[in-house]
>>> print(open('data-v1.csv').read())   # CSV, C-alpha atoms and all ligand atoms
chain,number,residue,atom,x,y,z
S,1406,MET,CA,10.2,42.7,-28.8
S,1407,PRO,CA,11.4,44.1,-32.1
S,1408,ALA,CA,15.1,43.6,-32.8
S,1409,PRO,CA,17.5,46.7,-32.7
S,1410,GLY,CA,16.8,49.0,-35.6
S,1411,GLU,CA,13.3,47.6,-35.9
S,1412,HIS,CA,10.2,49.3,-34.6
S,1413,HIS,CA,6.9,48.2,-33.2
S,1414,PRO,CA,4.4,47.8,-36.1
S,1415,ALA,CA,2.2,50.5,-34.4
S,1416,PHE,CA,5.0,53.0,-34.6
S,1417,GLU,CA,5.5,52.2,-38.3
S,1418,GLU,CA,1.8,52.6,-38.9
S,1419,TYR,CA,1.7,56.0,-37.3
S,1420,CYS,CA,4.8,57.3,-39.1
S,1421,ASP,CA,3.4,55.9,-42.4
S,1422,CYS,CA,0.1,57.7,-41.7
S,1423,ILE,CA,1.7,61.1,-40.9
S,1424,PHE,CA,3.9,60.8,-44.0
S,1425,GLU,CA,1.0,60.1,-46.3
S,1426,LEU,CA,-1.3,62.8,-44.8
S,1427,ALA,CA,1.5,65.3,-45.5
S,1428,GLU,CA,2.1,63.8,-49.0
S,1429,ASP,CA,-1.6,64.3,-49.8
S,1430,GLY,CA,-1.6,67.9,-48.6
S,1431,VAL,CA,-4.0,67.0,-45.7
S,1432,GLU,CA,-3.5,68.9,-42.5
S,1433,VAL,CA,-1.7,66.6,-40.0
S,1434,ILE,CA,-3.8,66.8,-36.9
S,1435,GLN,CA,-4.9,64.1,-34.4
S,1436,ALA,CA,-8.4,64.0,-35.8
S,1437,ARG,CA,-7.2,63.1,-39.3
S,1438,ILE,CA,-4.8,60.5,-37.9
S,1439,ALA,CA,-7.7,58.9,-35.9
S,1440,GLU,CA,-9.9,58.8,-39.0
S,1441,ARG,CA,-7.2,57.3,-41.3
S,1442,LEU,CA,-6.2,54.7,-38.8
S,1443,ASP,CA,-9.7,54.1,-37.5
S,1444,VAL,CA,-8.7,54.5,-33.9
S,1445,SER,CA,-10.0,56.8,-31.0
S,1446,ARG,CA,-8.7,60.3,-30.4
S,1447,PRO,CA,-7.4,59.3,-26.9
S,1448,ALA,CA,-5.5,56.4,-28.6
S,1449,VAL,CA,-3.8,58.9,-31.0
S,1450,SER,CA,-2.8,61.3,-28.3
S,1451,GLU,CA,-1.4,58.5,-26.1
S,1452,MET,CA,0.6,57.2,-29.2
S,1453,MET,CA,1.9,60.8,-29.9
S,1454,ARG,CA,3.5,60.8,-26.5
S,1455,ARG,CA,5.2,57.5,-27.2
S,1456,LEU,CA,6.4,58.6,-30.6
S,1457,VAL,CA,7.9,61.7,-29.2
S,1458,ALA,CA,9.6,59.7,-26.5
S,1459,GLU,CA,11.0,57.4,-29.2
S,1460,GLY,CA,12.3,60.4,-31.1
S,1461,LEU,CA,10.1,59.7,-34.2
S,1462,VAL,CA,7.7,62.6,-34.0
S,1463,SER,CA,8.0,66.3,-33.0
S,1464,LEU,CA,5.1,68.3,-31.7
S,1465,GLU,CA,6.9,71.7,-31.7
S,1466,ARG,CA,5.2,73.1,-34.8
S,1467,GLY,CA,2.2,70.8,-35.2
S,1468,ILE,CA,2.6,67.1,-35.7
S,1469,ALA,CA,5.8,66.4,-37.8
S,1470,LEU,CA,8.1,63.5,-38.3
S,1471,THR,CA,11.7,63.9,-37.0
S,1472,GLU,CA,14.5,62.9,-39.4
S,1473,GLN,CA,14.4,59.4,-37.8
S,1474,GLY,CA,10.6,59.2,-38.1
S,1475,ASP,CA,10.8,60.3,-41.7
S,1476,ALA,CA,13.4,57.6,-42.5
S,1477,LEU,CA,11.2,55.0,-40.9
S,1478,ALA,CA,8.1,56.2,-42.8
S,1479,GLN,CA,9.9,56.2,-46.1
S,1480,ARG,CA,11.1,52.6,-45.5
S,1481,VAL,CA,7.6,51.4,-44.6
S,1482,VAL,CA,5.9,53.4,-47.5
S,1483,ARG,CA,8.5,52.0,-49.9
S,1484,ARG,CA,7.7,48.4,-48.8
S,1485,HIS,CA,4.0,49.1,-49.0
S,1486,ARG,CA,4.1,50.4,-52.5
S,1487,LEU,CA,6.5,47.7,-53.8
S,1488,ALA,CA,4.3,45.1,-52.2
S,1489,GLU,CA,1.3,46.6,-54.0
S,1490,ARG,CA,3.1,46.4,-57.3
S,1491,PHE,CA,4.1,42.7,-56.6
S,1492,LEU,CA,0.5,41.8,-55.6
S,1493,THR,CA,-1.1,43.4,-58.7
S,1494,ASP,CA,1.6,42.9,-61.4
S,1495,ILE,CA,2.7,39.4,-60.4
S,1496,LEU,CA,-0.1,37.9,-58.4
S,1497,LYS,CA,-2.9,39.7,-60.3
S,1498,LEU,CA,-4.8,40.8,-57.3
S,1499,SER,CA,-7.3,43.6,-57.6
S,1500,TRP,CA,-6.2,47.1,-56.6
S,1501,ALA,CA,-8.4,47.1,-53.5
S,1502,GLU,CA,-7.1,43.7,-52.3
S,1503,ALA,CA,-3.5,44.7,-53.0
S,1504,HIS,CA,-3.9,47.8,-50.9
S,1505,HIS,CA,-5.3,45.9,-48.0
S,1506,GLU,CA,-2.7,43.1,-48.2
S,1507,ALA,CA,0.2,45.5,-48.6
S,1508,GLY,CA,-0.8,47.1,-45.3
S,1509,LYS,CA,0.2,43.9,-43.6
S,1510,TRP,CA,3.3,43.1,-45.8
S,1511,GLU,CA,4.8,46.5,-45.2
S,1512,HIS,CA,5.7,45.5,-41.6
S,1513,VAL,CA,7.2,42.1,-42.3
S,1514,ILE,CA,9.2,42.5,-45.5
S,1515,SER,CA,13.0,42.3,-44.8
S,1516,GLU,CA,15.6,44.3,-46.7
S,1517,SER,CA,16.6,41.3,-48.8
S,1518,VAL,CA,13.0,40.5,-49.8
S,1519,GLU,CA,12.5,44.2,-50.6
S,1520,ASP,CA,15.6,44.2,-52.8
S,1521,ALA,CA,14.5,41.0,-54.6
S,1522,MET,CA,11.0,42.4,-55.2
S,1523,ASP,CA,12.5,45.6,-56.6
S,1524,THR,CA,14.7,43.6,-59.0
S,1525,LEU,CA,12.0,41.2,-60.1
S,1526,LEU,CA,9.6,44.2,-60.8
S,1527,GLY,CA,12.3,46.2,-62.7
S,1528,SER,CA,12.7,48.9,-60.1
S,1529,PRO,CA,9.3,50.5,-60.4
S,1530,THR,CA,9.0,54.2,-59.5
S,1531,THR,CA,5.4,54.3,-58.4
S,1532,CYS,CA,2.8,52.0,-56.9
S,1533,PRO,CA,-0.1,50.8,-59.1
S,1534,HIS,CA,-2.1,53.9,-58.0
S,1535,GLY,CA,0.7,56.2,-59.2
S,1536,ASN,CA,2.1,57.2,-55.8
S,1537,PRO,CA,5.9,57.6,-55.7
S,1538,ILE,CA,8.0,54.8,-54.3
S,1539,PRO,CA,10.5,56.5,-51.9
S,1540,GLY,CA,14.1,55.9,-52.9
S,1541,SER,CA,13.2,55.1,-56.6
S,1542,GLY,CA,14.2,58.6,-57.9
S,1543,TYR,CA,10.7,59.2,-59.3
S,1544,ASN,CA,10.2,62.6,-61.0
S,1545,GLU,CA,6.5,63.5,-60.9
S,1546,PRO,CA,5.3,65.5,-63.9
S,1547,ALA,CA,3.3,68.7,-63.2
S,1548,THR,CA,-0.2,67.8,-62.1
S,1549,VAL,CA,-3.6,69.5,-61.3
S,1550,ARG,CA,-6.6,68.1,-59.6
S,1551,LEU,CA,-9.1,66.6,-62.1
S,1552,ALA,CA,-11.8,69.0,-60.8
S,1553,ASP,CA,-9.5,72.0,-61.7
S,1554,HIS,CA,-8.7,70.7,-65.3
S,1555,VAL,CA,-10.0,72.9,-68.1
S,1556,ALA,CA,-13.3,71.4,-69.4
S,1557,GLY,CA,-13.0,70.1,-73.0
S,1558,ASP,CA,-9.3,69.4,-72.7
S,1559,GLY,CA,-7.7,66.0,-72.6
S,1560,PHE,CA,-5.6,64.7,-69.7
S,1561,SER,CA,-3.7,61.7,-68.6
S,1562,ILE,CA,-4.1,60.3,-65.0
S,1563,ILE,CA,-1.0,60.5,-62.9
S,1564,ARG,CA,-1.9,59.7,-59.3
S,1565,ILE,CA,-4.7,58.3,-57.1
S,1566,PRO,CA,-3.6,59.8,-53.7
S,1567,GLU,CA,-3.6,57.6,-50.6
S,1568,GLU,CA,-6.6,59.5,-49.2
S,1569,LEU,CA,-8.7,57.9,-51.9
S,1570,GLU,CA,-7.2,54.4,-51.3
S,1571,PHE,CA,-8.6,54.6,-47.8
S,1572,ALA,CA,-12.1,55.8,-48.9
S,1573,PRO,CA,-14.3,52.7,-48.9
S,1574,GLY,CA,-15.3,51.5,-52.3
S,1575,THR,CA,-13.2,54.1,-54.2
S,1576,LEU,CA,-10.5,51.8,-55.5
S,1577,GLU,CA,-13.1,49.3,-56.7
S,1578,PHE,CA,-15.0,52.1,-58.5
S,1579,LEU,CA,-11.8,53.5,-60.1
S,1580,GLU,CA,-10.7,50.1,-61.3
S,1581,GLU,CA,-14.1,49.2,-62.6
S,1582,VAL,CA,-14.5,52.4,-64.7
S,1583,GLY,CA,-10.9,52.4,-65.8
S,1584,LEU,CA,-9.7,55.6,-64.1
S,1585,LEU,CA,-6.2,54.3,-63.8
S,1586,PRO,CA,-2.8,56.0,-63.9
S,1587,GLY,CA,-1.6,56.3,-67.5
S,1588,GLN,CA,-5.2,56.3,-68.8
S,1589,SER,CA,-6.1,59.3,-71.0
S,1590,GLY,CA,-9.5,61.0,-70.9
S,1591,ARG,CA,-11.2,64.3,-71.5
S,1592,LEU,CA,-13.2,66.4,-69.0
S,1593,ILE,CA,-16.6,67.1,-70.5
S,1594,GLY,CA,-18.1,69.2,-67.8
S,1595,VAL,CA,-20.3,68.9,-64.6
S,1596,SER,CA,-23.6,67.1,-64.4
S,1597,GLY,CA,-26.7,68.7,-62.8
S,1598,ASP,CA,-26.0,66.9,-59.5
S,1599,GLY,CA,-22.4,68.1,-59.3
S,1600,ASN,CA,-20.6,65.0,-60.6
S,1601,LEU,CA,-17.7,65.5,-63.1
S,1602,LEU,CA,-18.4,64.1,-66.5
S,1603,VAL,CA,-15.3,62.4,-68.0
S,1604,GLU,CA,-14.9,60.8,-71.4
S,1605,LEU,CA,-12.8,57.6,-71.2
S,1606,ASP,CA,-12.4,55.4,-74.3
S,1607,GLY,CA,-15.6,56.7,-75.9
S,1608,ARG,CA,-17.6,56.1,-72.7
S,1609,THR,CA,-18.9,58.9,-70.4
S,1610,VAL,CA,-18.2,58.3,-66.7
S,1611,GLU,CA,-19.6,60.3,-63.8
S,1612,VAL,CA,-17.1,61.0,-61.1
S,1613,ASP,CA,-18.0,62.0,-57.6
S,1614,PRO,CA,-16.6,65.5,-56.6
S,1615,PHE,CA,-14.8,63.9,-53.6
S,1616,ILE,CA,-12.8,61.9,-56.1
S,1617,GLY,CA,-12.5,64.7,-58.7
S,1618,GLU,CA,-11.0,67.0,-56.1
S,1619,ARG,CA,-8.2,64.5,-55.2
S,1620,ILE,CA,-7.3,62.5,-58.3
S,1621,LEU,CA,-4.2,64.2,-60.0
S,1622,VAL,CA,-3.9,64.5,-63.8
S,1623,THR,CA,-1.4,66.1,-66.2
S,1624,ALA,CA,-1.5,69.9,-66.1
T,1701,ZN,ZN,-1.0,52.5,-53.8
>>> encode(input="data-v1.csv", output="structure tokens", more="lines below")
Ligand SMILES: [Zn+2]
Amino acid sequence: MPAPGEHHPAFEEYCDCIFELAEDGVEVIQARIAERLDVSRPAVSEMMRRLVAEGLVSLERGIALTEQGDALAQRVVRRHRLAERFLTDILKLSWAEAHHEAGKWEHVISESVEDAMDTLLGSPTTCPHGNPIPGSGYNEPATVRLADHVAGDGFSIIRIPEELEFAPGTLEFLEEVGLLPGQSGRLIGVSGDGNLLVELDGRTVEVDPFIGERILVTA
């Protein structure tokens, strides 16, 4: 049994998922939660009942976190993103490995470990993918989706939304071609088969529209 003030990892997972779907601007419905968590629809609806009973979720106007659910989600998301930073910056794991491992760490990091990581890392404001760390006071610059950027103009990558972190192979692709937060590039145009053509460090990279419609760059 979790100690008082602690929650079952499954509750944390669901609150985290609802928080991140909303953060990515994805409609928070049971089908999206089932996809993101890779569970069945009946499992999601059963868990929604339990989350409502725990006071973590409200179903009054669609699926939404209560104040208590939001606080829990922010704590878990903060630990996930700090762990990702630790795993990439200090342990030098790849992005994809760090994302996977952090999914486990987020449930076991205590407050004192969280504080020590934050200090060691110099109080980072984003995860390695550019997603804001709750409680860090991050001020995100104005962004547009890469696909909406003006062709011919330069941009700087700000954020790889969680939705892309969960799409198989995407983090590996982005890391391999160097589409990383902070990296500058230029949108050249669209190829015959609908891929975005992006210039990065003198190379031309083809970016799938699923990625181009989600990655956020400077406006
Ligand atoms: Zn991340």
>>> residues_near_point(input="data-v1.csv", point="(14.2, 54.0, -53.3)", cutoff="10 Å", atoms="all atoms listed in the file", output="VMD selection string")
chain S and resid 1479 to 1480 1483 to 1484 1487 1520 1523 1528 to 1530 1537 to 1543
>>> write_last_selection(input="data-v1.csv", atoms="C-alpha atoms", output="mmCIF file, in the coordinates of the input")
data_model
loop_
_atom_site.group_PDB
_atom_site.id
_atom_site.type_symbol
_atom_site.label_atom_id
_atom_site.label_comp_id
_atom_site.auth_asym_id
_atom_site.auth_seq_id
_atom_site.Cartn_x
_atom_site.Cartn_y
_atom_site.Cartn_z
ATOM 1 C CA GLN S 1479 9.900 56.200 -46.100
ATOM 2 C CA ARG S 1480 11.100 52.600 -45.500
ATOM 3 C CA ARG S 1483 8.500 52.000 -49.900
ATOM 4 C CA ARG S 1484 7.700 48.400 -48.800
ATOM 5 C CA LEU S 1487 6.500 47.700 -53.800
ATOM 6 C CA ASP S 1520 15.600 44.200 -52.800
ATOM 7 C CA ASP S 1523 12.500 45.600 -56.600
ATOM 8 C CA SER S 1528 12.700 48.900 -60.100
ATOM 9 C CA PRO S 1529 9.300 50.500 -60.400
ATOM 10 C CA THR S 1530 9.000 54.200 -59.500
ATOM 11 C CA PRO S 1537 5.900 57.600 -55.700
ATOM 12 C CA ILE S 1538 8.000 54.800 -54.300
ATOM 13 C CA PRO S 1539 10.500 56.500 -51.900
ATOM 14 C CA GLY S 1540 14.100 55.900 -52.900
ATOM 15 C CA SER S 1541 13.200 55.100 -56.600
ATOM 16 C CA GLY S 1542 14.200 58.600 -57.900
ATOM 17 C CA TYR S 1543 10.700 59.200 -59.300
#
>>> residues_around(input="data-v1.csv", residues="Thr1548 of chain S", least_positions_apart="4", cutoff="7 Å", atoms="all atoms listed in the file", output="list in words")
Leu1621, Val1622, Thr1623 and Ala1624 of chain S
>>> residues_around(input="data-v1.csv", residues="segment 1417-1429 of chain S", least_positions_apart="2", cutoff="7 Å", atoms="all atoms listed in the file", output="PyMOL selection string")
chain S and resi 1412-1415+1431-1433+1438+1474+1477-1478+1481-1482+1566-1568
>>> residues_around(input="data-v1.csv", residues="segment 1580-1582 of chain S", least_positions_apart="4", cutoff="9 Å", atoms="only C-alpha atoms", output="mmCIF file with C-alpha atoms, keeping the file's coordinate frame")
data_model
loop_
_atom_site.group_PDB
_atom_site.id
_atom_site.type_symbol
_atom_site.label_atom_id
_atom_site.label_comp_id
_atom_site.auth_asym_id
_atom_site.auth_seq_id
_atom_site.Cartn_x
_atom_site.Cartn_y
_atom_site.Cartn_z
ATOM 1 C CA SER S 1499 -7.300 43.600 -57.600
ATOM 2 C CA TRP S 1500 -6.200 47.100 -56.600
ATOM 3 C CA ALA S 1501 -8.400 47.100 -53.500
ATOM 4 C CA THR S 1575 -13.200 54.100 -54.200
ATOM 5 C CA LEU S 1576 -10.500 51.800 -55.500
ATOM 6 C CA LEU S 1605 -12.800 57.600 -71.200
ATOM 7 C CA VAL S 1610 -18.200 58.300 -66.700
#
>>> residues_around(input="data-v1.csv", residues="Leu1602 of chain S", least_positions_apart="5", cutoff="9 Å", atoms="only C-alpha atoms", output="CSV table (one decimal) with C-alpha atoms, in the coordinates of the input")
chain,number,residue,atom,x,y,z
S,1591,ARG,CA,-11.2,64.3,-71.5
S,1592,LEU,CA,-13.2,66.4,-69.0
S,1593,ILE,CA,-16.6,67.1,-70.5
S,1594,GLY,CA,-18.1,69.2,-67.8
S,1595,VAL,CA,-20.3,68.9,-64.6
S,1596,SER,CA,-23.6,67.1,-64.4
S,1609,THR,CA,-18.9,58.9,-70.4
S,1610,VAL,CA,-18.2,58.3,-66.7
S,1611,GLU,CA,-19.6,60.3,-63.8
S,1612,VAL,CA,-17.1,61.0,-61.1
>>> residues_near_ligand(input="data-v1.csv", ligand="ligand ZN 1701 (chain T)", cutoff="9 Å", atoms="all atoms listed in the file", output="list of chain:residue names")
S:His1485, S:Arg1486, S:Leu1487, S:Glu1489, S:Arg1490, S:Trp1500, S:Ala1503, S:His1504, S:Ala1507, S:Thr1531, S:Cys1532, S:Pro1533, S:His1534, S:Gly1535, S:Asn1536, S:Pro1537, S:Ile1565, S:Pro1566, S:Glu1567, S:Glu1570
>>> axis_aligned_box(input="data-v1.csv", around="segment 1526-1535 of chain S", padding_each_side="3 Å", output="AutoDock Vina command-line options")
--center_x 5.3 --center_y 50.2 --center_z -59.8 --size_x 20.8 --size_y 18.0 --size_z 11.8
>>> closest_residue(input="data-v1.csv", among="S:Gly1557, S:Gln1473, S:Leu1498, S:Ala1552", to="Val1457 of chain S", atoms="all atoms listed in the file")
S:Gln1473
>>> decode(input="data-v1.csv", residues="segment 1459-1587 of chain S", atoms="C-alpha atoms", output="short mmCIF file (atom, residue, chain, number, x, y, z; two decimals), in the first residue's frame")
data_model
loop_
_atom_site.label_atom_id
_atom_site.label_comp_id
_atom_site.auth_asym_id
_atom_site.auth_seq_id
_atom_site.Cartn_x
_atom_site.Cartn_y
_atom_site.Cartn_z
CA GLU S 1459 -10.05 9.31 -5.41
CA GLY S 1460 -10.88 12.95 -6.23
CA LEU S 1461 -8.16 13.14 -8.88
CA VAL S 1462 -10.32 13.43 -12.01
CA SER S 1463 -13.60 15.16 -12.84
CA LEU S 1464 -15.86 13.99 -15.67
CA GLU S 1465 -18.25 16.95 -15.50
CA ARG S 1466 -17.04 18.66 -18.68
CA GLY S 1467 -15.08 15.93 -20.41
CA ILE S 1468 -12.08 14.32 -18.70
CA ALA S 1469 -10.18 16.85 -16.58
CA LEU S 1470 -7.81 16.73 -13.61
CA THR S 1471 -9.09 18.17 -10.35
CA GLU S 1472 -6.83 20.54 -8.44
CA GLN S 1473 -5.51 17.52 -6.51
CA GLY S 1474 -5.05 15.49 -9.72
CA ASP S 1475 -3.22 18.38 -11.37
CA ALA S 1476 -0.86 18.72 -8.40
CA LEU S 1477 -0.11 14.99 -8.56
CA ALA S 1478 0.45 15.15 -12.35
CA GLN S 1479 2.80 18.13 -12.03
CA ARG S 1480 4.87 16.29 -9.42
CA VAL S 1481 5.16 13.17 -11.59
CA VAL S 1482 5.87 15.13 -14.79
CA ARG S 1483 8.52 17.18 -12.95
CA ARG S 1484 10.25 14.00 -11.78
CA HIS S 1485 10.01 12.42 -15.24
CA ARG S 1486 11.58 15.43 -16.95
CA LEU S 1487 14.31 15.90 -14.31
CA ALA S 1488 15.12 12.18 -14.59
CA GLU S 1489 15.36 12.51 -18.38
CA ARG S 1490 17.85 15.35 -17.94
CA PHE S 1491 19.87 13.34 -15.45
CA LEU S 1492 19.88 10.25 -17.68
CA THR S 1493 20.98 12.17 -20.80
CA ASP S 1494 23.21 14.93 -19.35
CA ILE S 1495 24.96 12.95 -16.63
CA LEU S 1496 24.63 9.27 -17.61
CA LYS S 1497 24.82 10.00 -21.40
CA LEU S 1498 21.94 7.71 -22.32
CA SER S 1499 20.23 8.27 -25.67
CA TRP S 1500 17.01 10.29 -25.76
CA ALA S 1501 14.91 7.23 -26.44
CA GLU S 1502 16.45 5.22 -23.58
CA ALA S 1503 16.13 8.18 -21.22
CA HIS S 1504 12.44 8.62 -22.03
CA HIS S 1505 11.78 4.91 -21.40
CA GLU S 1506 13.78 4.76 -18.14
CA ALA S 1507 12.31 8.02 -16.83
CA GLY S 1508 8.86 6.45 -17.13
CA LYS S 1509 9.90 4.12 -14.29
CA TRP S 1510 11.95 6.64 -12.25
CA GLU S 1511 9.06 9.12 -12.09
CA HIS S 1512 7.23 6.81 -9.66
CA VAL S 1513 10.10 6.11 -7.26
CA ILE S 1514 12.05 9.39 -6.92
CA SER S 1515 11.55 10.88 -3.44
CA GLU S 1516 11.45 14.59 -2.69
CA SER S 1517 15.03 14.63 -1.40
CA VAL S 1518 16.36 12.85 -4.51
CA GLU S 1519 14.33 15.22 -6.70
CA ASP S 1520 15.89 18.22 -4.93
CA ALA S 1521 19.41 16.77 -5.20
CA MET S 1522 18.98 16.10 -8.94
CA ASP S 1523 17.65 19.60 -9.50
CA THR S 1524 20.69 21.10 -7.71
CA LEU S 1525 23.21 18.86 -9.51
CA LEU S 1526 21.66 19.73 -12.89
CA GLY S 1527 21.60 23.50 -12.14
CA SER S 1528 17.78 23.77 -11.94
CA PRO S 1529 16.96 23.03 -15.60
CA THR S 1530 13.72 24.51 -16.98
CA THR S 1531 13.03 21.89 -19.67
CA CYS S 1532 13.57 18.21 -20.34
CA PRO S 1533 16.08 17.27 -23.10
CA HIS S 1534 13.17 17.40 -25.58
CA GLY S 1535 12.31 20.99 -24.61
CA ASN S 1536 9.16 20.22 -22.60
CA PRO S 1537 8.74 22.53 -19.56
CA ILE S 1538 9.63 21.16 -16.14
CA PRO S 1539 6.69 22.05 -13.83
CA GLY S 1540 7.77 24.31 -10.96
CA SER S 1541 10.90 25.54 -12.78
CA GLY S 1542 9.44 28.93 -13.80
CA TYR S 1543 10.01 28.23 -17.50
CA ASN S 1544 8.83 30.94 -19.89
CA GLU S 1545 8.26 29.39 -23.29
CA PRO S 1546 8.99 31.67 -26.27
CA ALA S 1547 6.29 32.11 -28.94
CA THR S 1548 6.22 29.01 -31.15
CA VAL S 1549 4.63 27.68 -34.33
CA ARG S 1550 4.40 24.15 -35.68
CA LEU S 1551 7.30 23.43 -38.07
CA ALA S 1552 4.76 22.65 -40.83
CA ASP S 1553 3.28 26.17 -40.43
CA HIS S 1554 6.65 27.94 -40.61
CA VAL S 1555 7.24 30.22 -43.60
CA ALA S 1556 9.25 28.35 -46.26
CA GLY S 1557 12.66 29.90 -46.80
CA ASP S 1558 12.87 31.31 -43.28
CA GLY S 1559 15.19 30.16 -40.53
CA PHE S 1560 13.95 28.78 -37.21
CA SER S 1561 15.23 27.37 -33.95
CA ILE S 1562 13.70 24.20 -32.47
CA ILE S 1563 11.94 24.78 -29.16
CA ARG S 1564 10.04 21.65 -28.27
CA ILE S 1565 9.44 17.99 -29.18
CA PRO S 1566 5.96 17.38 -27.67
CA GLU S 1567 5.33 14.25 -25.59
CA GLU S 1568 3.10 12.94 -28.36
CA LEU S 1569 6.22 12.45 -30.49
CA GLU S 1570 8.15 10.90 -27.61
CA PHE S 1571 5.54 8.12 -27.60
CA ALA S 1572 5.56 7.56 -31.38
CA PRO S 1573 7.83 4.51 -31.97
CA GLY S 1574 11.15 5.33 -33.63
CA THR S 1575 10.57 9.08 -33.60
CA LEU S 1576 13.05 10.05 -30.88
CA GLU S 1577 15.70 7.85 -32.52
CA PHE S 1578 15.08 9.59 -35.87
CA LEU S 1579 15.17 13.11 -34.41
CA GLU S 1580 18.36 12.42 -32.47
CA GLU S 1581 20.04 10.82 -35.52
CA VAL S 1582 19.31 13.70 -37.91
CA GLY S 1583 19.95 16.36 -35.24
CA LEU S 1584 16.45 17.85 -34.92
CA LEU S 1585 17.11 18.80 -31.31
CA PRO S 1586 15.93 21.74 -29.16
CA GLY S 1587 18.26 24.70 -29.65
#
